[in-house]
2 protein chains.
Amino acid sequence: MVQNFYAQESARPRAYYQHLQAMPRVKEFDPEEALDRALDMFWRRGYEGASLRDLLEHMEISRQSLYDTFGDKRSLFLKVLARYEALAVEGMLDTLTRTGWSRPIERPLTALVAIRGFFELFLAEVVLDRERGSCLMANTAIEVGPADPEIQAVVRAYFGRVEEALHAALERAHEAGELRPGSEPRALARHLVNTLYGLGIMSRAGAGRAALRQMIDVGLSVLAS
Amino acid sequence: MVQNFYAQESARPRAYYQHLQAMPRVKEFDPEEALDRALDMFWRRGYEGASLRDLLEHMEISRQSLYDTFGDKRSLFLKVLARYEALAVEGMLDTLTRTGWSRPIERPLTALVAIRGFFELFLAEVVLDRERGSCLMANTAIEVGPADPEIQAVVRAYFGRVEEALHAALERAHEAGELRPGSEPRALARHLVNTLYGLGIMSRAGAGRAALRQMIDVGLSVLAS
DNA sequence: GAAATTCTGGACCACCCAGTCAAGATAGTG
DNA sequence: CACTATCTTGACTGGGTGGTCCAGAATTTC
């Protein structure tokens, strides 16, 4: 999967050229970095809103380097979504599973504390960079909506993975007796996903840091026992 | 305000023509209905996504009837947003202030019950018509984002009014002793707004009716005493 | 050196966009 | 009837869109 991720040409293993008398010129730009720059552009302006010119300018590659490497705009966007999912899910699992002892302050990181830290992190990112507005997947869910089933499936899968990550953390909290008695981790996980992505909209709608924190506080108050 | 809402020409009172020897032909389409159809189009496809052709086709008026009556695309969109705000806020206040006695089932409608009914109504609409995806204002908040300050201000004001409506209902519930002791209606109102618009995204992201109802249940569970 | 491949840059395409204009039909008044 | 203003229809403009193609320079091997 990894070797077919970019265009066919650049995915050819070195051995492919062994029967030739000459080696081709190698790629000069880093496809991953270019993809990250495209990600940033799509994040800020949306799929339709990011024009080819915008993308090329921001990715700092030439027109057919893009077409050679990533295919057309839609393929590029799908690759961007895949990369976003990989990065975001990795980051989420990273903060959500960080239990044990925190070194600087020396106190136990329970699953509940990890969840709160997760929301704090989200808050910091969202407030810091309002232009991008929460989450590329949420933006995409609203922008392309039901018009493109394939993209919608990607978005759907992503939200499923987010719910699963939160659900796993809640299950751990549940087993440790941190949750209110009678809690259902599945329902709570869905509630947290809802709260999380509500925050993105509220931020874009102009809510300030204090208001967002209030929302997090109330939203998480259903967990504590 | 009402008489200047549409274009100047059609806002002229009948007396304006009295010095003329002839009366002009009257408008054949209903501007309000046309506006509602434009609203539907923008709701489904977004501002950029709804092309002039789409709008004209759906509004069933000619090209310059549109330009004569509503101005350019952006003006039309602003009028649509104003109409949406009027309709939505009216409807919200309608269901949120419906306290007293419900006739068919003969039981007291407390503020809390009214709030729950409000969310149920939202759920029904969202599930029924997933294409439009929750709320035009939420869609707009994400799509145009910080690119257009004027539109952003409209969106911001709208969310403020929603929060106020919920806050008023929560204040009434608070005075009636329906809320959990120590509750802050302001924080709860913000939480409810967050929950509400989160539902819109979750719906577009593929959440089913059952999952959405779970989110509502958990989200509202912070209110009950 | 030759060969192979990528790079850059610009030219080009057909298409869609929002917006404008003109012409003629239509309807309401006197 | 004449007059007025709106209606509908269609053509048109200027510009942006995604996408393709080509020529020449650059780079890496044999």
# chains A, B, ... in the order shown; residues from 1 in each chain; ligands from 1

$ residues_around --residues "region 211-216 of chain B" --least-positions-apart "4" --cutoff "12 Å" --atoms "only C-alpha atoms (C1' of nucleotides)" --output "PDB file with C-alpha atoms, in the first residue's frame"
ATOM      1  CA  GLY A 160     -15.707   5.724  13.563  1.00  0.00           C
ATOM      2  CA  GLU A 163     -15.269   7.066  18.473  1.00  0.00           C
ATOM      3  CA  GLU A 184     -22.418   3.110  29.207  1.00  0.00           C
ATOM      4  CA  PRO A 185     -19.039   3.671  27.576  1.00  0.00           C
ATOM      5  CA  ARG A 186     -20.533   3.434  24.096  1.00  0.00           C
ATOM      6  CA  ALA A 187     -23.070   6.186  24.697  1.00  0.00           C
ATOM      7  CA  LEU A 188     -20.464   8.294  26.452  1.00  0.00           C
ATOM      8  CA  ALA A 189     -18.034   7.855  23.565  1.00  0.00           C
ATOM      9  CA  ARG A 190     -20.631   9.071  21.119  1.00  0.00           C
ATOM     10  CA  HIS A 191     -21.406  11.987  23.351  1.00  0.00           C
ATOM     11  CA  LEU A 192     -17.726  12.921  23.497  1.00  0.00           C
ATOM     12  CA  VAL A 193     -17.355  12.773  19.719  1.00  0.00           C
ATOM     13  CA  ASN A 194     -20.376  15.002  19.415  1.00  0.00           C
ATOM     14  CA  THR A 195     -18.995  17.452  21.940  1.00  0.00           C
ATOM     15  CA  LEU A 196     -15.591  17.433  20.291  1.00  0.00           C
ATOM     16  CA  GLY A 198     -19.340  20.762  18.144  1.00  0.00           C
ATOM     17  CA  GLY A 219     -19.503  18.134  28.394  1.00  0.00           C
ATOM     18  CA  VAL A 222     -21.117  13.529  32.694  1.00  0.00           C
TER      19      VAL A 222
ATOM     20  CA  ILE B 115     -35.880  21.704  25.844  1.00  0.00           C
ATOM     21  CA  ARG B 116     -36.042  17.992  25.262  1.00  0.00           C
ATOM     22  CA  GLY B 117     -38.827  18.503  22.762  1.00  0.00           C
ATOM     23  CA  PHE B 118     -36.650  21.037  21.023  1.00  0.00           C
ATOM     24  CA  PHE B 119     -33.861  18.530  20.578  1.00  0.00           C
ATOM     25  CA  GLU B 120     -36.304  15.870  19.442  1.00  0.00           C
ATOM     26  CA  LEU B 121     -37.610  18.225  16.803  1.00  0.00           C
ATOM     27  CA  PHE B 122     -34.097  18.969  15.641  1.00  0.00           C
ATOM     28  CA  LEU B 123     -33.352  15.278  15.477  1.00  0.00           C
ATOM     29  CA  ALA B 124     -36.426  14.570  13.416  1.00  0.00           C
ATOM     30  CA  VAL B 126     -31.946  16.325  10.643  1.00  0.00           C
ATOM     31  CA  VAL B 127     -32.615  12.644  10.183  1.00  0.00           C
ATOM     32  CA  HIS B 191     -23.090  23.263  26.326  1.00  0.00           C
ATOM     33  CA  LEU B 192     -26.480  22.761  24.709  1.00  0.00           C
ATOM     34  CA  VAL B 193     -25.567  24.880  21.699  1.00  0.00           C
ATOM     35  CA  ASN B 194     -22.413  22.858  21.320  1.00  0.00           C
ATOM     36  CA  THR B 195     -24.312  19.596  21.566  1.00  0.00           C
ATOM     37  CA  LEU B 196     -26.939  20.792  19.134  1.00  0.00           C
ATOM     38  CA  TYR B 197     -24.560  21.719  16.344  1.00  0.00           C
ATOM     39  CA  GLY B 198     -22.384  18.745  16.974  1.00  0.00           C
ATOM     40  CA  LEU B 199     -25.423  16.676  16.030  1.00  0.00           C
ATOM     41  CA  GLY B 200     -25.477  18.323  12.641  1.00  0.00           C
ATOM     42  CA  ILE B 201     -21.956  17.235  11.854  1.00  0.00           C
ATOM     43  CA  MET B 202     -22.486  13.773  13.245  1.00  0.00           C
ATOM     44  CA  SER B 203     -25.497  13.366  11.035  1.00  0.00           C
ATOM     45  CA  ARG B 204     -23.554  14.408   7.960  1.00  0.00           C
ATOM     46  CA  ALA B 205     -20.765  12.119   9.046  1.00  0.00           C
ATOM     47  CA  GLY B 206     -23.140   9.203   8.888  1.00  0.00           C
ATOM     48  CA  ALA B 207     -24.441   8.769  12.420  1.00  0.00           C
ATOM     49  CA  LEU B 220     -29.198  16.504  28.256  1.00  0.00           C
ATOM     50  CA  SER B 221     -28.381  14.338  31.253  1.00  0.00           C
ATOM     51  CA  VAL B 222     -26.366  17.157  32.786  1.00  0.00           C
ATOM     52  CA  LEU B 223     -29.546  19.155  33.282  1.00  0.00           C
TER      53      LEU B 223
END

$ select_by_dssp --residues "region 19-77 of chain A" --states "alpha helix (DSSP H)" --output "PyMOL selection string"
chain A and resi 31-45+52-59+63-70+73-77

$ closest_atom_pairs --of "chain C" --to "chain B" --cutoff "10 Å" --atoms "only C-alpha atoms (C1' of nucleotides)" --output "CSV"
residue,atom,partner,partner_atom,distance
C:DC16,C1',B:Ser51,CA,9.4
C:DC17,C1',B:Ser51,CA,7.8
C:DA18,C1',B:Leu52,CA,7.4
C:DG19,C1',B:Asp72,CA,7.9
C:DT20,C1',B:Gln64,CA,9.4
C:DT26,C1',B:Arg25,CA,8.2
C:DA27,C1',B:Arg25,CA,5.3
C:DG28,C1',B:Met23,CA,5.4
C:DT29,C1',B:Ala22,CA,4.2
C:DG30,C1',B:Gln21,CA,5.5

$ write_last_selection --atoms "N, CA, C and O atoms (P, O5', C5', C4', C3', O3' and C1' of nucleotides)" --output "PDB file, in the first residue's frame"
ATOM      1  P    DC C  16     -19.694  22.430 -18.607  1.00  0.00           P
ATOM      2  O5'  DC C  16     -19.768  23.514 -17.444  1.00  0.00           O
ATOM      3  C5'  DC C  16     -19.040  23.290 -16.236  1.00  0.00           C
ATOM      4  C4'  DC C  16     -18.774  24.602 -15.549  1.00  0.00           C
ATOM      5  C3'  DC C  16     -20.024  25.449 -15.268  1.00  0.00           C
ATOM      6  O3'  DC C  16     -20.219  25.558 -13.873  1.00  0.00           O
ATOM      7  C1'  DC C  16     -18.221  26.767 -16.130  1.00  0.00           C
ATOM      8  P    DC C  17     -21.490  26.304 -13.301  1.00  0.00           P
ATOM      9  O5'  DC C  17     -20.939  27.698 -12.783  1.00  0.00           O
ATOM     10  C5'  DC C  17     -19.700  27.746 -12.074  1.00  0.00           C
ATOM     11  C4'  DC C  17     -19.225  29.175 -12.007  1.00  0.00           C
ATOM     12  C3'  DC C  17     -20.331  30.212 -11.908  1.00  0.00           C
ATOM     13  O3'  DC C  17     -20.674  30.397 -10.553  1.00  0.00           O
ATOM     14  C1'  DC C  17     -18.625  30.900 -13.465  1.00  0.00           C
ATOM     15  P    DA C  18     -22.040  31.025 -10.175  1.00  0.00           P
ATOM     16  O5'  DA C  18     -21.766  32.577 -10.354  1.00  0.00           O
ATOM     17  C5'  DA C  18     -20.775  33.199  -9.563  1.00  0.00           C
ATOM     18  C4'  DA C  18     -20.518  34.602 -10.058  1.00  0.00           C
ATOM     19  C3'  DA C  18     -21.716  35.547  -9.910  1.00  0.00           C
ATOM     20  O3'  DA C  18     -21.253  36.812  -9.475  1.00  0.00           O
ATOM     21  C1'  DA C  18     -21.051  35.428 -12.193  1.00  0.00           C
ATOM     22  P    DG C  19     -22.354  37.906  -9.043  1.00  0.00           P
ATOM     23  O5'  DG C  19     -22.514  38.741 -10.392  1.00  0.00           O
ATOM     24  C5'  DG C  19     -21.349  39.272 -10.989  1.00  0.00           C
ATOM     25  C4'  DG C  19     -21.682  39.832 -12.351  1.00  0.00           C
ATOM     26  C3'  DG C  19     -22.965  40.678 -12.429  1.00  0.00           C
ATOM     27  O3'  DG C  19     -22.624  41.996 -12.815  1.00  0.00           O
ATOM     28  C1'  DG C  19     -22.787  39.200 -14.274  1.00  0.00           C
ATOM     29  P    DT C  20     -23.762  43.137 -13.011  1.00  0.00           P
ATOM     30  O5'  DT C  20     -23.925  43.239 -14.595  1.00  0.00           O
ATOM     31  C5'  DT C  20     -22.757  43.387 -15.386  1.00  0.00           C
ATOM     32  C4'  DT C  20     -23.134  43.477 -16.857  1.00  0.00           C
ATOM     33  C3'  DT C  20     -24.310  44.422 -17.151  1.00  0.00           C
ATOM     34  O3'  DT C  20     -23.898  45.372 -18.114  1.00  0.00           O
ATOM     35  C1'  DT C  20     -24.641  42.312 -18.198  1.00  0.00           C
ATOM     36  P    DT C  26     -46.991  36.909 -25.721  1.00  0.00           P
ATOM     37  O5'  DT C  26     -47.127  37.686 -24.344  1.00  0.00           O
ATOM     38  C5'  DT C  26     -46.346  37.272 -23.220  1.00  0.00           C
ATOM     39  C4'  DT C  26     -46.742  38.083 -22.002  1.00  0.00           C
ATOM     40  C3'  DT C  26     -48.233  38.390 -21.908  1.00  0.00           C
ATOM     41  O3'  DT C  26     -48.664  38.111 -20.600  1.00  0.00           O
ATOM     42  C1'  DT C  26     -46.994  40.366 -21.657  1.00  0.00           C
ATOM     43  P    DA C  27     -50.201  37.794 -20.297  1.00  0.00           P
ATOM     44  O5'  DA C  27     -50.530  38.977 -19.282  1.00  0.00           O
ATOM     45  C5'  DA C  27     -49.804  39.065 -18.065  1.00  0.00           C
ATOM     46  C4'  DA C  27     -49.839  40.483 -17.554  1.00  0.00           C
ATOM     47  C3'  DA C  27     -51.249  41.056 -17.363  1.00  0.00           C
ATOM     48  O3'  DA C  27     -51.355  41.534 -16.041  1.00  0.00           O
ATOM     49  C1'  DA C  27     -49.877  42.569 -18.550  1.00  0.00           C
ATOM     50  P    DG C  28     -52.752  41.610 -15.328  1.00  0.00           P
ATOM     51  O5'  DG C  28     -52.837  43.157 -14.937  1.00  0.00           O
ATOM     52  C5'  DG C  28     -51.917  43.676 -13.983  1.00  0.00           C
ATOM     53  C4'  DG C  28     -51.803  45.171 -14.150  1.00  0.00           C
ATOM     54  C3'  DG C  28     -53.137  45.919 -14.009  1.00  0.00           C
ATOM     55  O3'  DG C  28     -52.969  47.001 -13.120  1.00  0.00           O
ATOM     56  C1'  DG C  28     -52.052  46.543 -16.032  1.00  0.00           C
ATOM     57  P    DT C  29     -54.248  47.621 -12.400  1.00  0.00           P
ATOM     58  O5'  DT C  29     -54.567  48.809 -13.382  1.00  0.00           O
ATOM     59  C5'  DT C  29     -54.400  50.139 -12.957  1.00  0.00           C
ATOM     60  C4'  DT C  29     -53.916  51.012 -14.095  1.00  0.00           C
ATOM     61  C3'  DT C  29     -54.929  52.008 -14.601  1.00  0.00           C
ATOM     62  O3'  DT C  29     -54.941  53.155 -13.793  1.00  0.00           O
ATOM     63  C1'  DT C  29     -53.518  51.134 -16.351  1.00  0.00           C
ATOM     64  P    DG C  30     -56.228  54.010 -13.666  1.00  0.00           P
ATOM     65  O5'  DG C  30     -56.186  54.866 -15.005  1.00  0.00           O
ATOM     66  C5'  DG C  30     -55.198  55.880 -15.145  1.00  0.00           C
ATOM     67  C4'  DG C  30     -55.102  56.300 -16.606  1.00  0.00           C
ATOM     68  C3'  DG C  30     -56.314  57.058 -17.126  1.00  0.00           C
ATOM     69  O3'  DG C  30     -55.929  58.316 -17.629  1.00  0.00           O
ATOM     70  C1'  DG C  30     -55.711  55.299 -18.611  1.00  0.00           C
TER      71       DG C  30
END

$ residues_around --residues "Ala165 (chain A)" --least-positions-apart "5" --cutoff "10 Å" --atoms "only C-alpha atoms (C1' of nucleotides)" --output "JSON, numbers by chain"
{"A": [89, 92, 93, 96, 97, 159, 160, 170, 171, 189]}

$ write_last_selection --atoms "all heavy atoms" --output "PDB file, in the first residue's frame"
ATOM      1  N   VAL A  89      -5.220  10.246  13.837  1.00  0.00           N
ATOM      2  CA  VAL A  89      -5.514   9.082  14.678  1.00  0.00           C
ATOM      3  C   VAL A  89      -4.296   8.725  15.524  1.00  0.00           C
ATOM      4  O   VAL A  89      -4.419   8.431  16.721  1.00  0.00           O
ATOM      5  CB  VAL A  89      -5.960   7.890  13.809  1.00  0.00           C
ATOM      6  CG1 VAL A  89      -6.013   6.632  14.639  1.00  0.00           C
ATOM      7  CG2 VAL A  89      -7.313   8.182  13.186  1.00  0.00           C
ATOM      8  N   MET A  92      -4.130  11.161  18.325  1.00  0.00           N
ATOM      9  CA  MET A  92      -5.189  10.943  19.303  1.00  0.00           C
ATOM     10  C   MET A  92      -4.860   9.774  20.205  1.00  0.00           C
ATOM     11  O   MET A  92      -4.949   9.861  21.433  1.00  0.00           O
ATOM     12  CB  MET A  92      -6.512  10.664  18.577  1.00  0.00           C
ATOM     13  CG  MET A  92      -7.359  11.896  18.413  1.00  0.00           C
ATOM     14  SD  MET A  92      -8.955  11.475  17.751  1.00  0.00           S
ATOM     15  CE  MET A  92      -8.512  10.748  16.197  1.00  0.00           C
ATOM     16  N   LEU A  93      -4.504   8.664  19.574  1.00  0.00           N
ATOM     17  CA  LEU A  93      -4.170   7.486  20.377  1.00  0.00           C
ATOM     18  C   LEU A  93      -3.003   7.797  21.299  1.00  0.00           C
ATOM     19  O   LEU A  93      -2.945   7.310  22.435  1.00  0.00           O
ATOM     20  CB  LEU A  93      -3.831   6.314  19.446  1.00  0.00           C
ATOM     21  CG  LEU A  93      -5.017   5.795  18.651  1.00  0.00           C
ATOM     22  CD1 LEU A  93      -4.590   4.685  17.712  1.00  0.00           C
ATOM     23  CD2 LEU A  93      -6.115   5.304  19.590  1.00  0.00           C
ATOM     24  N   LEU A  96      -4.448   9.809  24.199  1.00  0.00           N
ATOM     25  CA  LEU A  96      -5.505   9.125  24.946  1.00  0.00           C
ATOM     26  C   LEU A  96      -4.980   7.921  25.728  1.00  0.00           C
ATOM     27  O   LEU A  96      -5.585   7.501  26.709  1.00  0.00           O
ATOM     28  CB  LEU A  96      -6.614   8.664  24.005  1.00  0.00           C
ATOM     29  CG  LEU A  96      -7.627   9.736  23.630  1.00  0.00           C
ATOM     30  CD1 LEU A  96      -8.654   9.189  22.673  1.00  0.00           C
ATOM     31  CD2 LEU A  96      -8.309  10.276  24.883  1.00  0.00           C
ATOM     32  N   THR A  97      -3.878   7.372  25.288  1.00  0.00           N
ATOM     33  CA  THR A  97      -3.357   6.191  25.990  1.00  0.00           C
ATOM     34  C   THR A  97      -2.201   6.548  26.908  1.00  0.00           C
ATOM     35  O   THR A  97      -1.542   5.670  27.450  1.00  0.00           O
ATOM     36  CB  THR A  97      -2.874   5.139  24.976  1.00  0.00           C
ATOM     37  OG1 THR A  97      -1.854   5.731  24.167  1.00  0.00           O
ATOM     38  CG2 THR A  97      -4.010   4.681  24.107  1.00  0.00           C
ATOM     39  N   PHE A 159     -14.557   9.121  11.548  1.00  0.00           N
ATOM     40  CA  PHE A 159     -15.312   9.387  12.761  1.00  0.00           C
ATOM     41  C   PHE A 159     -15.495   8.102  13.565  1.00  0.00           C
ATOM     42  O   PHE A 159     -15.510   8.127  14.795  1.00  0.00           O
ATOM     43  CB  PHE A 159     -16.661  10.010  12.421  1.00  0.00           C
ATOM     44  CG  PHE A 159     -16.578  11.482  12.155  1.00  0.00           C
ATOM     45  CD1 PHE A 159     -16.356  11.968  10.877  1.00  0.00           C
ATOM     46  CD2 PHE A 159     -16.698  12.386  13.195  1.00  0.00           C
ATOM     47  CE1 PHE A 159     -16.260  13.319  10.642  1.00  0.00           C
ATOM     48  CE2 PHE A 159     -16.607  13.744  12.958  1.00  0.00           C
ATOM     49  CZ  PHE A 159     -16.391  14.213  11.684  1.00  0.00           C
ATOM     50  N   GLY A 160     -15.628   6.991  12.873  1.00  0.00           N
ATOM     51  CA  GLY A 160     -15.707   5.724  13.563  1.00  0.00           C
ATOM     52  C   GLY A 160     -14.452   5.446  14.380  1.00  0.00           C
ATOM     53  O   GLY A 160     -14.527   5.017  15.528  1.00  0.00           O
ATOM     54  N   LEU A 170     -12.600   5.134  27.496  1.00  0.00           N
ATOM     55  CA  LEU A 170     -13.697   5.107  28.454  1.00  0.00           C
ATOM     56  C   LEU A 170     -13.850   3.715  29.071  1.00  0.00           C
ATOM     57  O   LEU A 170     -14.202   3.582  30.250  1.00  0.00           O
ATOM     58  CB  LEU A 170     -15.006   5.529  27.768  1.00  0.00           C
ATOM     59  CG  LEU A 170     -15.113   7.025  27.479  1.00  0.00           C
ATOM     60  CD1 LEU A 170     -16.252   7.306  26.513  1.00  0.00           C
ATOM     61  CD2 LEU A 170     -15.317   7.799  28.778  1.00  0.00           C
ATOM     62  N   GLU A 171     -13.595   2.706  28.273  1.00  0.00           N
ATOM     63  CA  GLU A 171     -13.658   1.346  28.806  1.00  0.00           C
ATOM     64  C   GLU A 171     -12.619   1.166  29.914  1.00  0.00           C
ATOM     65  O   GLU A 171     -12.907   0.584  30.979  1.00  0.00           O
ATOM     66  CB  GLU A 171     -13.394   0.320  27.686  1.00  0.00           C
ATOM     67  CG  GLU A 171     -14.605   0.037  26.799  1.00  0.00           C
ATOM     68  CD  GLU A 171     -15.621  -0.874  27.497  1.00  0.00           C
ATOM     69  OE1 GLU A 171     -15.488  -1.123  28.702  1.00  0.00           O
ATOM     70  OE2 GLU A 171     -16.566  -1.328  26.817  1.00  0.00           O
ATOM     71  N   ALA A 189     -18.975   7.607  24.655  1.00  0.00           N
ATOM     72  CA  ALA A 189     -18.034   7.855  23.565  1.00  0.00           C
ATOM     73  C   ALA A 189     -18.700   8.684  22.473  1.00  0.00           C
ATOM     74  O   ALA A 189     -18.137   9.657  21.965  1.00  0.00           O
ATOM     75  CB  ALA A 189     -17.527   6.531  22.997  1.00  0.00           C
TER      76      ALA A 189
END

$ atom_distance --atom1 "CA of Gly177 (chain A)" --atom2 "CA of Glu178 (chain B)"
28.8 Å

$ atom_distance --atom1 "C1' of DA22 (chain C)" --atom2 "CA of Leu56 (chain B)"
20.1 Å

$ interface_residues --of "chain D" --to "chain A" --cutoff "7 Å" --atoms "only C-alpha atoms (C1' of nucleotides)" --output "ChimeraX atom specification"
/D:27-30

$ write_last_selection --atoms "C-alpha atoms (C1' of nucleotides)" --output "JSON list (two decimals), in the first residue's frame"
[["chain", "number", "residue", "atom", "x", "y", "z"],
["D", 27, "DT", "C1'", 20.52, 15.50, -13.55],
["D", 28, "DT", "C1'", 21.99, 10.79, -13.10],
["D", 29, "DT", "C1'", 23.65, 6.65, -14.84],
["D", 30, "DC", "C1'", 26.23, 3.83, -18.47]]

$ residues_around --residues "DC12 (chain C)" --least-positions-apart "5" --cutoff "12 Å" --atoms "only C-alpha atoms (C1' of nucleotides)" --output "PyMOL selection string"
chain D and resi 19-22

$ atom_distance --atom1 "CA of Leu179 (chain A)" --atom2 "CA of Asp217 (chain A)"
15.4 Å

$ closest_residue --among "B:Ala210, B:Ala111, B:Ala141, B:Ala173" --to "chain A" --atoms "only C-alpha atoms"
B:Ala141

$ closest_residue --among "B:Asp94, B:Glu175, B:Glu48, B:Asp68" --to "chain A" --atoms "only C-alpha atoms"
B:Glu48

$ select_by_dssp --residues "region 26-221 of chain B" --states "strand (DSSP E)" --output "MDAnalysis selection string"
chainID B and resid 100:102 107:109

$ write_last_selection --atoms "all heavy atoms" --output "tab-separated table (two decimals), in the first residue's frame"
chain	number	residue	atom	x	y	z
B	100	GLY	N	-46.63	25.20	30.08
B	100	GLY	CA	-48.04	25.16	30.45
B	100	GLY	C	-48.54	23.74	30.36
B	100	GLY	O	-47.83	22.80	30.73
B	101	TRP	N	-49.73	23.56	29.85
B	101	TRP	CA	-50.31	22.23	29.77
B	101	TRP	C	-50.45	21.80	28.33
B	101	TRP	O	-50.94	22.53	27.49
B	101	TRP	CB	-51.69	22.19	30.43
B	101	TRP	CG	-51.60	22.34	31.92
B	101	TRP	CD1	-51.50	23.50	32.61
B	101	TRP	CD2	-51.56	21.30	32.88
B	101	TRP	NE1	-51.41	23.27	33.94
B	101	TRP	CE2	-51.46	21.91	34.16
B	101	TRP	CE3	-51.62	19.91	32.81
B	101	TRP	CZ2	-51.39	21.18	35.33
B	101	TRP	CZ3	-51.56	19.18	33.98
B	101	TRP	CH2	-51.45	19.82	35.23
B	102	SER	N	-49.96	20.59	28.04
B	102	SER	CA	-50.16	20.07	26.69
B	102	SER	C	-51.52	19.40	26.64
B	102	SER	O	-51.82	18.53	27.46
B	102	SER	CB	-49.06	19.07	26.35
B	102	SER	OG	-49.29	17.86	27.01
B	107	ARG	N	-50.31	16.77	30.48
B	107	ARG	CA	-49.31	16.77	31.55
B	107	ARG	C	-48.54	18.08	31.46
B	107	ARG	O	-48.48	18.70	30.40
B	107	ARG	CB	-48.38	15.57	31.44
B	107	ARG	CG	-47.46	15.61	30.26
B	107	ARG	CD	-46.69	14.30	30.11
B	107	ARG	NE	-45.92	14.32	28.87
B	107	ARG	CZ	-44.60	14.23	28.85
B	107	ARG	NH1	-43.91	14.11	29.93
B	107	ARG	NH2	-43.96	14.26	27.70
B	108	PRO	N	-47.99	18.51	32.56
B	108	PRO	CA	-47.36	19.82	32.57
B	108	PRO	C	-46.09	19.84	31.73
B	108	PRO	O	-45.28	18.92	31.79
B	108	PRO	CB	-47.03	20.04	34.05
B	108	PRO	CG	-46.92	18.67	34.62
B	108	PRO	CD	-47.88	17.82	33.84
B	109	LEU	N	-45.96	20.86	30.89
B	109	LEU	CA	-44.76	21.01	30.08
B	109	LEU	C	-43.80	21.92	30.82
B	109	LEU	O	-43.91	23.14	30.76
B	109	LEU	CB	-45.12	21.60	28.72
B	109	LEU	CG	-45.74	20.64	27.73
B	109	LEU	CD1	-45.97	21.32	26.40
B	109	LEU	CD2	-44.85	19.44	27.54
